[in-house]
Structure formats: structure tokens, C-alpha cells
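A.B. asks: Input structure: structure_18.tsv, which contains TSV, C-alpha atoms.
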```tsv
chain	number	residue	atom	x	y	z
A	1	MET	CA	-106.02	205.28	29.59
A	2	TRP	CA	-107.95	202.08	30.39
A	3	LEU	CA	-109.08	201.94	26.77
A	4	LYS	CA	-105.51	202.11	25.47
A	5	LEU	CA	-104.51	199.39	27.94
A	6	LEU	CA	-107.39	197.21	26.79
A	7	ILE	CA	-106.45	197.77	23.14
A	8	ALA	CA	-102.85	196.80	23.91
A	9	LEU	CA	-103.96	193.61	25.72
A	10	VAL	CA	-106.27	192.55	22.89
A	11	PHE	CA	-103.54	193.23	20.33
A	12	ILE	CA	-101.11	191.08	22.33
A	13	GLY	CA	-103.78	188.36	22.37
A	14	ILE	CA	-104.03	188.60	18.58
A	15	VAL	CA	-100.26	188.22	18.17
A	16	VAL	CA	-100.18	185.27	20.60
A	17	SER	CA	-103.00	183.43	18.81
A	18	LEU	CA	-101.31	184.05	15.44
A	19	ALA	CA	-97.99	182.78	16.80
A	20	ALA	CA	-99.73	179.70	18.22
A	21	GLY	CA	-101.25	179.17	14.79
A	22	ALA	CA	-97.78	179.26	13.23
A	23	GLY	CA	-96.66	176.58	15.68
A	24	PHE	CA	-99.64	174.36	14.83
A	25	LEU	CA	-99.10	174.95	11.09
A	26	LEU	CA	-95.51	173.76	11.33
A	27	HIS	CA	-95.99	170.81	13.70
A	28	ASP	CA	-99.48	169.35	13.14
A	29	GLU	CA	-100.77	167.16	10.34
A	30	SER	CA	-103.33	168.71	8.00
A	31	THR	CA	-106.08	166.68	9.70
A	32	SER	CA	-105.54	168.70	12.89
A	33	ARG	CA	-108.00	171.51	13.62
A	34	ARG	CA	-105.75	173.40	16.03
A	35	LEU	CA	-104.52	175.89	13.39
A	36	LEU	CA	-108.08	176.72	12.37
A	37	THR	CA	-109.11	177.14	16.00
A	38	SER	CA	-106.21	179.50	16.75
A	39	LEU	CA	-107.03	181.56	13.64
A	40	LYS	CA	-110.67	181.75	14.77
A	41	TRP	CA	-109.48	183.15	18.09
A	42	ARG	CA	-107.27	185.56	16.15
A	43	ILE	CA	-110.12	186.91	14.07
A	44	ALA	CA	-112.52	187.05	17.04
A	45	LEU	CA	-110.00	189.17	18.97
A	46	ALA	CA	-109.52	191.37	15.88
A	47	CYS	CA	-113.27	192.01	15.88
A	48	VAL	CA	-113.10	192.96	19.57
A	49	LEU	CA	-110.20	195.28	18.79
A	50	MET	CA	-112.12	196.96	15.99
A	51	ALA	CA	-115.08	197.46	18.36
A	52	LEU	CA	-112.76	199.04	20.95
A	53	LEU	CA	-111.19	201.35	18.34
A	54	LEU	CA	-114.58	202.42	17.01
A	55	PHE	CA	-115.80	203.00	20.57
A	56	GLY	CA	-112.74	205.12	21.22
A	57	PHE	CA	-113.35	207.14	18.07
A	58	LEU	CA	-117.07	207.67	18.69
A	59	SER	CA	-116.58	208.53	22.38
A	60	GLY	CA	-113.71	210.88	21.58
A	61	GLU	CA	-111.23	208.99	23.74
A	62	LEU	CA	-108.93	208.26	20.79
B	1	MET	CA	-92.30	156.91	-6.18
B	2	SER	CA	-90.26	157.85	-3.18
B	3	GLY	CA	-90.74	154.51	-1.41
B	4	GLY	CA	-90.29	156.15	1.98
B	5	SER	CA	-86.95	157.73	1.16
B	6	TYR	CA	-86.35	161.39	0.41
B	7	TYR	CA	-87.80	162.48	-2.91
B	8	VAL	CA	-85.13	163.82	-5.28
B	9	PRO	CA	-86.60	165.66	-8.25
B	10	ALA	CA	-85.23	165.39	-11.79
B	11	ASN	CA	-82.76	168.01	-12.98
B	12	SER	CA	-84.48	171.36	-13.23
B	13	ARG	CA	-83.65	174.47	-15.24
B	14	TRP	CA	-85.43	176.82	-12.80
B	15	PRO	CA	-82.59	177.34	-10.27
B	16	ILE	CA	-80.13	178.60	-12.89
B	17	LEU	CA	-82.76	180.59	-14.77
B	18	GLY	CA	-83.95	182.10	-11.49
B	19	SER	CA	-80.38	183.06	-10.60
B	20	LEU	CA	-79.89	184.73	-13.98
B	21	ALA	CA	-83.19	186.60	-13.65
B	22	LEU	CA	-82.29	187.78	-10.14
B	23	GLY	CA	-78.86	188.86	-11.42
B	24	ALA	CA	-80.45	190.87	-14.23
B	25	MET	CA	-82.85	192.49	-11.77
B	26	MET	CA	-80.00	193.36	-9.38
B	27	ALA	CA	-77.88	194.78	-12.23
B	28	GLY	CA	-80.88	196.82	-13.41
B	29	ILE	CA	-81.39	198.27	-9.91
B	30	GLY	CA	-77.66	199.05	-9.62
B	31	ILE	CA	-77.51	200.81	-12.99
B	32	LYS	CA	-80.70	202.68	-12.16
B	33	LEU	CA	-79.32	203.92	-8.84
B	34	VAL	CA	-75.88	204.89	-10.16
B	35	TYR	CA	-76.60	206.12	-13.69
B	36	ASN	CA	-80.37	206.75	-13.48
B	37	THR	CA	-80.96	204.44	-16.42
B	38	GLY	CA	-81.34	200.67	-16.81
B	39	ALA	CA	-85.06	200.53	-16.02
B	40	PRO	CA	-85.73	198.12	-18.94
B	41	LEU	CA	-83.21	195.63	-17.53
B	42	LEU	CA	-84.83	195.95	-14.11
B	43	VAL	CA	-88.31	195.33	-15.53
B	44	ILE	CA	-87.13	192.39	-17.68
B	45	GLY	CA	-85.34	190.87	-14.68
B	46	LEU	CA	-88.43	191.28	-12.48
B	47	LEU	CA	-90.72	189.73	-15.10
B	48	CYS	CA	-88.29	186.82	-15.54
B	49	VAL	CA	-88.20	186.24	-11.77
B	50	ILE	CA	-92.01	186.17	-11.66
B	51	CYS	CA	-92.12	183.77	-14.65
B	52	VAL	CA	-89.54	181.43	-13.11
B	53	MET	CA	-91.46	181.39	-9.81
B	54	GLY	CA	-94.70	180.61	-11.66
B	55	PHE	CA	-93.19	177.75	-13.68
B	56	TRP	CA	-91.30	176.39	-10.67
B	57	PHE	CA	-94.43	176.37	-8.49
B	58	ARG	CA	-96.34	174.72	-11.37
B	59	ASP	CA	-93.79	171.88	-11.42
B	60	VAL	CA	-94.01	171.47	-7.63
B	61	ILE	CA	-97.82	171.28	-7.84
B	62	HIS	CA	-97.59	168.67	-10.62
B	63	GLU	CA	-95.14	166.61	-8.54
B	64	SER	CA	-97.41	166.86	-5.49
B	65	MET	CA	-100.52	165.92	-7.46
B	66	GLY	CA	-98.56	163.08	-9.08
B	67	GLY	CA	-98.10	161.48	-5.66
B	68	LEU	CA	-94.33	161.86	-5.70
B	69	TYR	CA	-94.06	163.46	-2.26
B	70	ASP	CA	-93.90	161.62	1.06
B	71	ALA	CA	-93.90	162.51	4.76
B	72	GLN	CA	-90.29	163.67	4.62
B	73	MET	CA	-91.14	166.10	1.82
B	74	ASP	CA	-94.13	167.32	3.82
B	75	ARG	CA	-91.80	168.11	6.73
B	76	SER	CA	-89.50	169.98	4.33
B	77	PHE	CA	-92.37	172.20	3.20
B	78	ARG	CA	-93.26	172.95	6.82
B	79	TRP	CA	-89.65	173.82	7.65
B	80	GLY	CA	-89.53	176.07	4.58
B	81	MET	CA	-92.69	177.82	5.70
B	82	GLY	CA	-91.20	178.18	9.19
B	83	TRP	CA	-88.14	180.01	7.87
B	84	PHE	CA	-90.32	182.12	5.62
B	85	ILE	CA	-92.47	183.14	8.62
B	86	PHE	CA	-89.32	183.94	10.61
B	87	SER	CA	-87.94	186.16	7.83
B	88	GLU	CA	-91.27	187.97	7.47
B	89	VAL	CA	-91.53	188.61	11.21
B	90	MET	CA	-87.96	189.98	11.32
B	91	PHE	CA	-88.66	192.08	8.21
B	92	PHE	CA	-91.61	193.91	9.75
B	93	ALA	CA	-90.03	193.97	13.21
B	94	ALA	CA	-87.20	196.07	11.74
B	95	PHE	CA	-89.61	198.65	10.33
B	96	PHE	CA	-91.85	198.77	13.39
B	97	GLY	CA	-88.66	199.00	15.46
B	98	ALA	CA	-87.49	201.99	13.40
B	99	LEU	CA	-90.80	203.76	14.01
B	100	PHE	CA	-90.64	202.98	17.74
B	101	TYR	CA	-87.03	204.19	17.98
B	102	VAL	CA	-87.74	207.45	16.21
B	103	ARG	CA	-90.87	208.23	18.21
B	104	THR	CA	-89.57	207.10	21.62
B	105	PHE	CA	-85.92	208.12	21.50
B	106	THR	CA	-84.73	210.24	18.58
B	107	ILE	CA	-87.35	212.97	18.54
B	108	PRO	CA	-87.32	213.51	22.33
B	109	TRP	CA	-83.49	213.66	22.20
B	110	LEU	CA	-83.64	216.33	19.51
B	111	GLY	CA	-86.06	218.20	21.77
B	112	GLY	CA	-83.55	218.17	24.63
B	113	GLU	CA	-84.98	215.29	26.66
B	114	GLY	CA	-83.35	212.06	27.77
B	115	ALA	CA	-79.81	210.69	27.80
B	116	LYS	CA	-78.84	212.28	24.50
B	117	GLY	CA	-80.77	215.52	24.99
B	118	VAL	CA	-77.60	217.45	24.28
B	119	SER	CA	-78.37	216.88	20.58
B	120	ALA	CA	-80.95	219.68	20.96
B	121	LEU	CA	-77.98	222.03	20.44
B	122	LEU	CA	-78.07	221.09	16.75
B	123	TRP	CA	-81.49	222.68	16.13
B	124	PRO	CA	-82.43	224.83	19.15
B	125	GLU	CA	-85.70	225.92	17.56
B	126	PHE	CA	-86.92	222.36	16.98
B	127	VAL	CA	-90.24	221.46	18.61
B	128	PRO	CA	-90.54	217.69	19.21
B	129	GLN	CA	-93.90	216.26	18.14
B	130	TRP	CA	-95.42	213.29	16.37
B	131	PRO	CA	-96.52	213.25	13.61
B	132	LEU	CA	-93.44	215.27	12.73
B	133	LEU	CA	-94.81	218.05	10.53
B	134	ASN	CA	-91.78	220.32	11.03
B	135	PRO	CA	-88.49	218.43	10.61
B	136	PRO	CA	-85.57	220.11	12.43
B	137	ASP	CA	-83.60	220.83	9.25
B	138	ALA	CA	-85.31	223.56	7.22
B	139	SER	CA	-84.14	221.97	3.95
B	140	VAL	CA	-86.55	219.07	4.58
B	141	ALA	CA	-90.21	219.95	4.11
B	142	GLY	CA	-92.55	217.92	6.30
B	143	PRO	CA	-96.12	216.97	5.39
B	144	SER	CA	-98.73	219.75	5.50
B	145	SER	CA	-101.09	217.53	7.51
B	146	VAL	CA	-101.73	213.84	8.17
B	147	LEU	CA	-104.48	211.47	7.08
B	148	SER	CA	-107.39	210.92	9.43
B	149	PRO	CA	-107.40	207.28	10.58
B	150	TRP	CA	-111.20	207.27	10.64
B	151	GLN	CA	-111.71	207.64	6.91
B	152	LEU	CA	-109.97	205.52	4.23
B	153	PRO	CA	-107.60	203.76	6.68
B	154	LEU	CA	-110.56	202.60	8.80
B	155	VAL	CA	-112.42	201.41	5.69
B	156	ASN	CA	-109.35	199.45	4.62
B	157	THR	CA	-108.97	197.96	8.11
B	158	LEU	CA	-112.58	196.78	8.08
B	159	ILE	CA	-112.09	195.33	4.60
B	160	LEU	CA	-108.99	193.37	5.64
B	161	VAL	CA	-110.54	192.08	8.88
B	162	THR	CA	-113.64	191.04	6.90
B	163	SER	CA	-111.41	189.25	4.38
B	164	SER	CA	-109.91	187.23	7.23
B	165	ILE	CA	-113.42	186.21	8.33
B	166	THR	CA	-114.37	185.10	4.80
B	167	LEU	CA	-111.10	183.20	4.53
B	168	THR	CA	-111.75	181.44	7.83
B	169	VAL	CA	-115.17	180.36	6.55
B	170	ALA	CA	-113.47	178.99	3.40
B	171	HIS	CA	-110.89	177.21	5.58
B	172	GLU	CA	-113.59	175.59	7.72
B	173	ALA	CA	-115.50	174.59	4.58
B	174	LEU	CA	-112.46	172.83	3.12
B	175	LYS	CA	-111.88	171.00	6.39
B	176	LEU	CA	-115.48	169.77	6.30
B	177	GLY	CA	-115.33	168.87	2.61
B	178	TYR	CA	-117.70	171.60	1.35
B	179	ARG	CA	-115.65	172.54	-1.71
B	180	GLN	CA	-118.25	174.81	-3.37
B	181	THR	CA	-118.60	176.81	-0.17
B	182	CYS	CA	-114.85	177.00	0.14
B	183	ARG	CA	-114.55	178.23	-3.46
B	184	ASN	CA	-117.19	180.95	-3.01
B	185	TRP	CA	-115.82	182.37	0.24
B	186	LEU	CA	-112.27	182.20	-1.06
B	187	ALA	CA	-113.33	184.15	-4.16
B	188	GLY	CA	-114.88	186.75	-1.84
B	189	THR	CA	-111.59	186.97	0.06
B	190	VAL	CA	-109.66	187.61	-3.16
B	191	LEU	CA	-112.10	190.36	-4.15
B	192	LEU	CA	-111.72	192.02	-0.73
B	193	GLY	CA	-107.94	191.86	-1.14
B	194	ILE	CA	-108.23	193.62	-4.50
B	195	CYS	CA	-110.49	196.27	-2.91
B	196	PHE	CA	-107.87	196.89	-0.22
B	197	ILE	CA	-105.13	197.39	-2.83
B	198	LEU	CA	-107.26	199.82	-4.87
B	199	ILE	CA	-108.21	201.87	-1.81
B	200	GLN	CA	-104.57	201.95	-0.71
B	201	GLY	CA	-103.75	203.39	-4.15
B	202	VAL	CA	-106.38	206.12	-3.65
B	203	GLU	CA	-104.95	206.85	-0.20
B	204	TYR	CA	-101.43	207.20	-1.63
B	205	TYR	CA	-102.75	209.61	-4.27
B	206	GLU	CA	-104.42	211.66	-1.52
B	207	ALA	CA	-101.29	211.56	0.62
B	208	TYR	CA	-99.04	212.76	-2.19
B	209	HIS	CA	-101.30	215.38	-3.72
B	210	HIS	CA	-103.34	216.77	-0.83
B	211	TYR	CA	-101.37	216.14	2.36
B	212	GLY	CA	-97.76	216.58	1.23
B	213	ILE	CA	-96.91	213.13	2.61
B	214	THR	CA	-94.13	211.96	0.30
B	215	LEU	CA	-91.02	209.82	0.60
B	216	GLU	CA	-89.08	213.07	0.97
B	217	ALA	CA	-91.31	214.49	3.74
B	218	GLY	CA	-88.89	213.75	6.55
B	219	ILE	CA	-88.98	210.77	8.89
B	220	PHE	CA	-92.78	210.70	8.99
B	221	GLY	CA	-93.06	210.27	5.21
B	222	ALA	CA	-90.24	207.72	5.18
B	223	THR	CA	-91.67	205.50	7.93
B	224	PHE	CA	-95.23	205.90	6.60
B	225	PHE	CA	-94.37	204.72	3.09
B	226	ILE	CA	-91.88	202.04	4.14
B	227	LEU	CA	-94.39	200.44	6.50
B	228	THR	CA	-97.57	200.83	4.46
B	229	GLY	CA	-95.76	200.28	1.14
B	230	PHE	CA	-94.16	196.98	2.09
B	231	HIS	CA	-97.42	195.91	3.70
B	232	GLY	CA	-99.25	196.78	0.47
B	233	LEU	CA	-96.73	194.67	-1.45
B	234	HIS	CA	-97.50	191.78	0.91
B	235	VAL	CA	-101.23	192.20	0.32
B	236	ILE	CA	-100.59	192.02	-3.45
B	237	ILE	CA	-98.51	188.85	-2.97
B	238	GLY	CA	-101.12	187.41	-0.59
B	239	THR	CA	-103.92	188.12	-3.05
B	240	LEU	CA	-101.96	186.35	-5.80
B	241	ILE	CA	-101.36	183.38	-3.48
B	242	LEU	CA	-105.04	183.15	-2.56
B	243	ALA	CA	-106.02	183.49	-6.22
B	244	SER	CA	-103.70	180.54	-6.94
B	245	MET	CA	-105.40	178.60	-4.14
B	246	LEU	CA	-108.78	179.45	-5.70
B	247	VAL	CA	-107.67	178.06	-9.05
B	248	ARG	CA	-106.40	174.92	-7.34
B	249	ILE	CA	-109.68	174.50	-5.44
B	250	ILE	CA	-111.61	174.86	-8.72
B	251	LYS	CA	-109.30	172.28	-10.33
B	252	GLY	CA	-110.05	169.82	-7.52
B	253	HIS	CA	-106.74	170.01	-5.70
B	254	PHE	CA	-106.52	169.49	-1.90
B	255	THR	CA	-108.49	167.04	0.25
B	256	ASN	CA	-109.95	167.31	3.75
B	257	GLY	CA	-106.79	165.87	5.25
B	258	HIS	CA	-104.12	167.00	2.77
B	259	HIS	CA	-103.99	170.76	2.17
B	260	PHE	CA	-100.82	172.21	3.67
B	261	GLY	CA	-100.46	174.77	0.85
B	262	PHE	CA	-103.95	176.08	1.52
B	263	GLU	CA	-103.39	176.31	5.29
B	264	ALA	CA	-100.01	178.03	4.84
B	265	SER	CA	-101.69	180.56	2.55
B	266	CYS	CA	-104.42	181.12	5.15
B	267	TRP	CA	-101.88	181.75	7.89
B	268	TYR	CA	-99.97	184.15	5.66
B	269	TRP	CA	-103.13	186.17	4.98
B	270	HIS	CA	-103.91	186.33	8.71
B	271	PHE	CA	-100.33	187.50	9.29
B	272	VAL	CA	-100.74	190.27	6.72
B	273	ASP	CA	-104.00	191.26	8.42
B	274	VAL	CA	-102.38	191.40	11.87
B	275	VAL	CA	-99.53	193.54	10.51
B	276	TRP	CA	-102.11	195.95	9.10
B	277	VAL	CA	-103.98	196.12	12.42
B	278	GLY	CA	-100.63	196.99	14.03
B	279	LEU	CA	-100.04	199.60	11.36
B	280	PHE	CA	-103.48	201.08	11.84
B	281	ILE	CA	-102.87	201.41	15.58
B	282	PHE	CA	-99.26	202.66	15.57
B	283	VAL	CA	-99.06	204.61	12.29
B	284	TYR	CA	-102.55	206.07	11.95
B	285	VAL	CA	-104.30	206.20	15.36
B	286	PHE	CA	-101.59	206.73	18.01
```
Would you put the structure from the file into C-alpha cells?

C.D. replies:
Amino acid sequence: MWLKLLIALVFIGIVVSLAAGAGFLLHDESTSRRLLTSLKWRIALACVLMALLLFGFLSGEL
Amino acid sequence: MSGGSYYVPANSRWPILGSLALGAMMAGIGIKLVYNTGAPLLVIGLLCVICVMGFWFRDVIHESMGGLYDAQMDRSFRWGMGWFIFSEVMFFAAFFGALFYVRTFTIPWLGGEGAKGVSALLWPEFVPQWPLLNPPDASVAGPSSVLSPWQLPLVNTLILVTSSITLTVAHEALKLGYRQTCRNWLAGTVLLGICFILIQGVEYYEAYHHYGITLEAGIFGATFFILTGFHGLHVIIGTLILASMLVRIIKGHFTNGHHFGFEASCWYWHFVDVVWVGLFIFVYVF
């Protein structure tokens, strides 16, 4: 159960960072680095999510 | 030059030609659905739409590279991208919403649970479950089994997440002015996108021929193909967009501080990746 909750939280974090990126894309100048930073957070969280999913598969919890 | 006022382009043939192409495509679809013919018109219309888009985008790129655009035009592009993002989010929200509704409400109701559990009277023998291998109506054959998420779907997920990493490296490289690095990592991203599409094709073949998962296999088949199919279409579009960006990078377009088209493409690819991660979780794993 805790694993599913963790997966849900990380997925929400991914969506939030992507949405923040959309905001920076639409409002900032191209010289701004905020979009790139938010997308880096997005991909880092996606890597964490993949690790959690693989852990769930290998441990038999998923 | 715009001189600070809003840039108004010269008369263009693309709006009317695009409308005619869309009309031909729509007529082709209508004739196909009603009379089961008209496929050539549909194909011609689709090809014309693609051609018009290509030529129209080419003109926009030429205008941008010619220095015709100003800050007001830049804001217009950002607003356009904003509405595009909104439409895409609503598009996938509808399909994810359909899956959620079916799994959370409809199937339990048909099993006799919840506020509309009385609908269980329709098919008393129905056993609620997901994935729905045995649809309530015997005239609808469900899938014989479902795909394991830990085989091809997992491989495709890893490919798409990796493609987002390579794209982020390319994005960083462009910001720092390392154009060769940007080109190489962007090329890798395009290749990973192509790999994803090919593997998705293999998965569809497996689904149709070995698992009985078809568009006619009840609500499971319908939601599976609507969600993964439209996502696959978006990956194809995203790969074409990134390939266009690659050509533009090779041609010397974009600078460290002026690359909205590239950044919008990057965000779009990340969006497609996030949708797939959601699909992997809600369609394949849970």
C-alpha cells in the first residue's frame, strides 16, 4: 500500500513540474532557465518513479 | 520590418488550401463511414493537409529567420502554444476520465454495487473485474488475456524516459551554445522516438493476434486502443517535430537566447512522455 501511495505522490510531482514548465514556457523569455529546470525535475522524478515500479515488480508488490 | 507594431504577413494561399484539404478529408471520412468507400478521397485530403502544414510552417520559419517578427509576435506564439497545451490536456483527460469512470463506477454498478447497482439485473451472471475479460453481453467477446506490463510496455517506457533525458541534454547544450552536442543528443532522441513507435507496432500485432485484444473486445479493448493509439499518434507527431528541430539546428537556426520553437517542442515531448507514464501505470500495471 505504501508503495502505491509513493508512486501516486511521485506521479503528482511529475505532473506539477510539467505544469510549472508550461507556465514558464508561456511567460518567460527564452533566456530564462526556469523551463529547463522544471523539466529536469520532471525527468528526475520520472526516474524515481521507474525505480519504484521496478522495485514493486521485482519484490512482487505490484 | 514591423517597427514595433504588430506584424501582418502578406496574403497567403495556405488558409484556403488548408480549408479545402480539411473539407476533402472530412468528406472522405463521411463517405467511408456511410458507404464504406471514399478511402482515396480521405487519403488525398490527409496528404494535402500534411503538405499545407509543411509549406505553411516553412513560410513561418522563413519570416522568423528574416527578422520580420517582434515581441508582439513572440507573445502570439506563446499564446498559441498555451491553447494547444490546453486542448491536449483536455483531450487526454477525456480518455483517462473514461477509463476511470468505467473502472470505478460502471463495472461495479453492473456487478450490483453502488448507487446504480440495480443495473446488475440486466446481466445477473456478470462477474465484475478489471481487466474485463468477460463482457456482460455474450455477443461481445473479450480479450483472451492481457499483456504483461513488464515486457514490451516496460521496454517502451524506459525508451521514452531515456528519450526525455537525451532531449534535456540537448536542451541544456543549446542554452549553453554547444550546437554540435545539441545536434547529437537531439538525433539520439529522434531515434529513440522511432524505436518506441516500432515497438508499439509489435505490441499491437501481439495484442491482436495472440491476446485477442482488438477494438471490438469490449470496453477493455476500446479504452486500450483509444488511449495507447492516440498516444502513439502523438509520439509520431512529436518525433516529426523533433526531426524538424534537428534539421533547423543543423541549418543554424536558433540562438542561445532565441529558441521558443525548440523549447515548445521540448515541452511537448515531455508531455507525451508523462502521458505514457500515466498510461503505463493506469492501463498496464494497475

A.B. asks: Residues of chain B near chain A: apply a cut-off of 6 Å, count only C-alpha atoms, and supply the list as a list in words.

C.D. replies: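 Every residue meeting the condition is included here: Arg78, Gly257 and His258 of chain B.
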
A.B. asks: Can you tell me which residues surround B:Ala217 at a distance of at most 9 Å, considering all atoms listed in the file, apart from same-chain residues fewer than 3 positions away, and format the answer as a list in words?

C.D. replies: Leu133, Pro135, Val140, Ala141, Gly142, Pro143, Gly212, Ile213, Thr214, Phe220, Gly221 and Ala222 of chain B

A.B. asks: For stretch 171-186 of chain B, please output as a list in words all residues within 8 Å (counting only C-alpha atoms; exclusion window: fewer than 3 positions along the same chain).

C.D. replies: Thr31 and Leu36 of chain A; Thr166, Leu167, Thr168, Thr189, Val190, Leu242, Leu246, Ile249, Ile250, Thr255, Asn256, Gly257, Glu263 and Cys266 of chain B

A.B. asks: Would you work out the distance separating atom CA of B:Gly30 from atom CA of B:Leu46, expressed in Å to one decimal?

C.D. replies: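 Taking atom CA of B:Gly30 and atom CA of B:Leu46, their separation equals 13.6 Å.
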
A.B. asks: Between atom CA of B:Met90 and atom CA of B:Leu152, what is the spacing in Å?

C.D. replies: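 Atom-to-atom, atom CA of B:Leu152 to atom CA of B:Met90, that is 27.9 Å.
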
A.B. asks: Extract, using only C-alpha atoms, all DNA, RNA and protein residues at most 12 Å from stretch 144-146 of chain B, discarding same-chain residues fewer than 5 positions from it, and format them as a PyMOL selection string.

C.D. replies: chain B and resi 130-135+151+153+203-204+206-214+217-218+220-221+224+283-285

A.B. asks: So how many Å separate atom CA of B:Gly117 and atom CA of B:Phe95, to one decimal?

C.D. replies: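 Result for atom CA of B:Gly117 versus atom CA of B:Phe95: 24.0 Å, one decimal.
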
A.B. asks: For stretch 179-272 of chain B against stretch 155-165 of chain B, with a cut-off of 7 Å and counting all atoms listed in the file, what is the closest atom pair and its distance in Å to one decimal for every residue that makes the cut, ordered by chain and number, as CSV?

C.D. replies:
```
residue,atom,partner,partner_atom,distance
B:Thr189,CA,B:Ser163,CA,4.9
B:Leu192,CA,B:Ser163,CA,5.8
B:Phe196,CA,B:Asn156,CA,5.7
B:Ile199,CA,B:Asn156,CA,7.0
B:His270,CA,B:Ser164,CA,6.2
```

A.B. asks: Edge lengths and centre in Å to one decimal, as lines of an AutoDock Vina configuration file, is what I'm after for the box along x, y and z that holds all listed atoms of stretch 4-11 of chain B once 5 Å is added on each side.

C.D. replies:
```
center_x = -86.5
center_y = 162.1
center_z = -5.5
size_x = 17.5
size_y = 21.9
size_z = 25.0
```
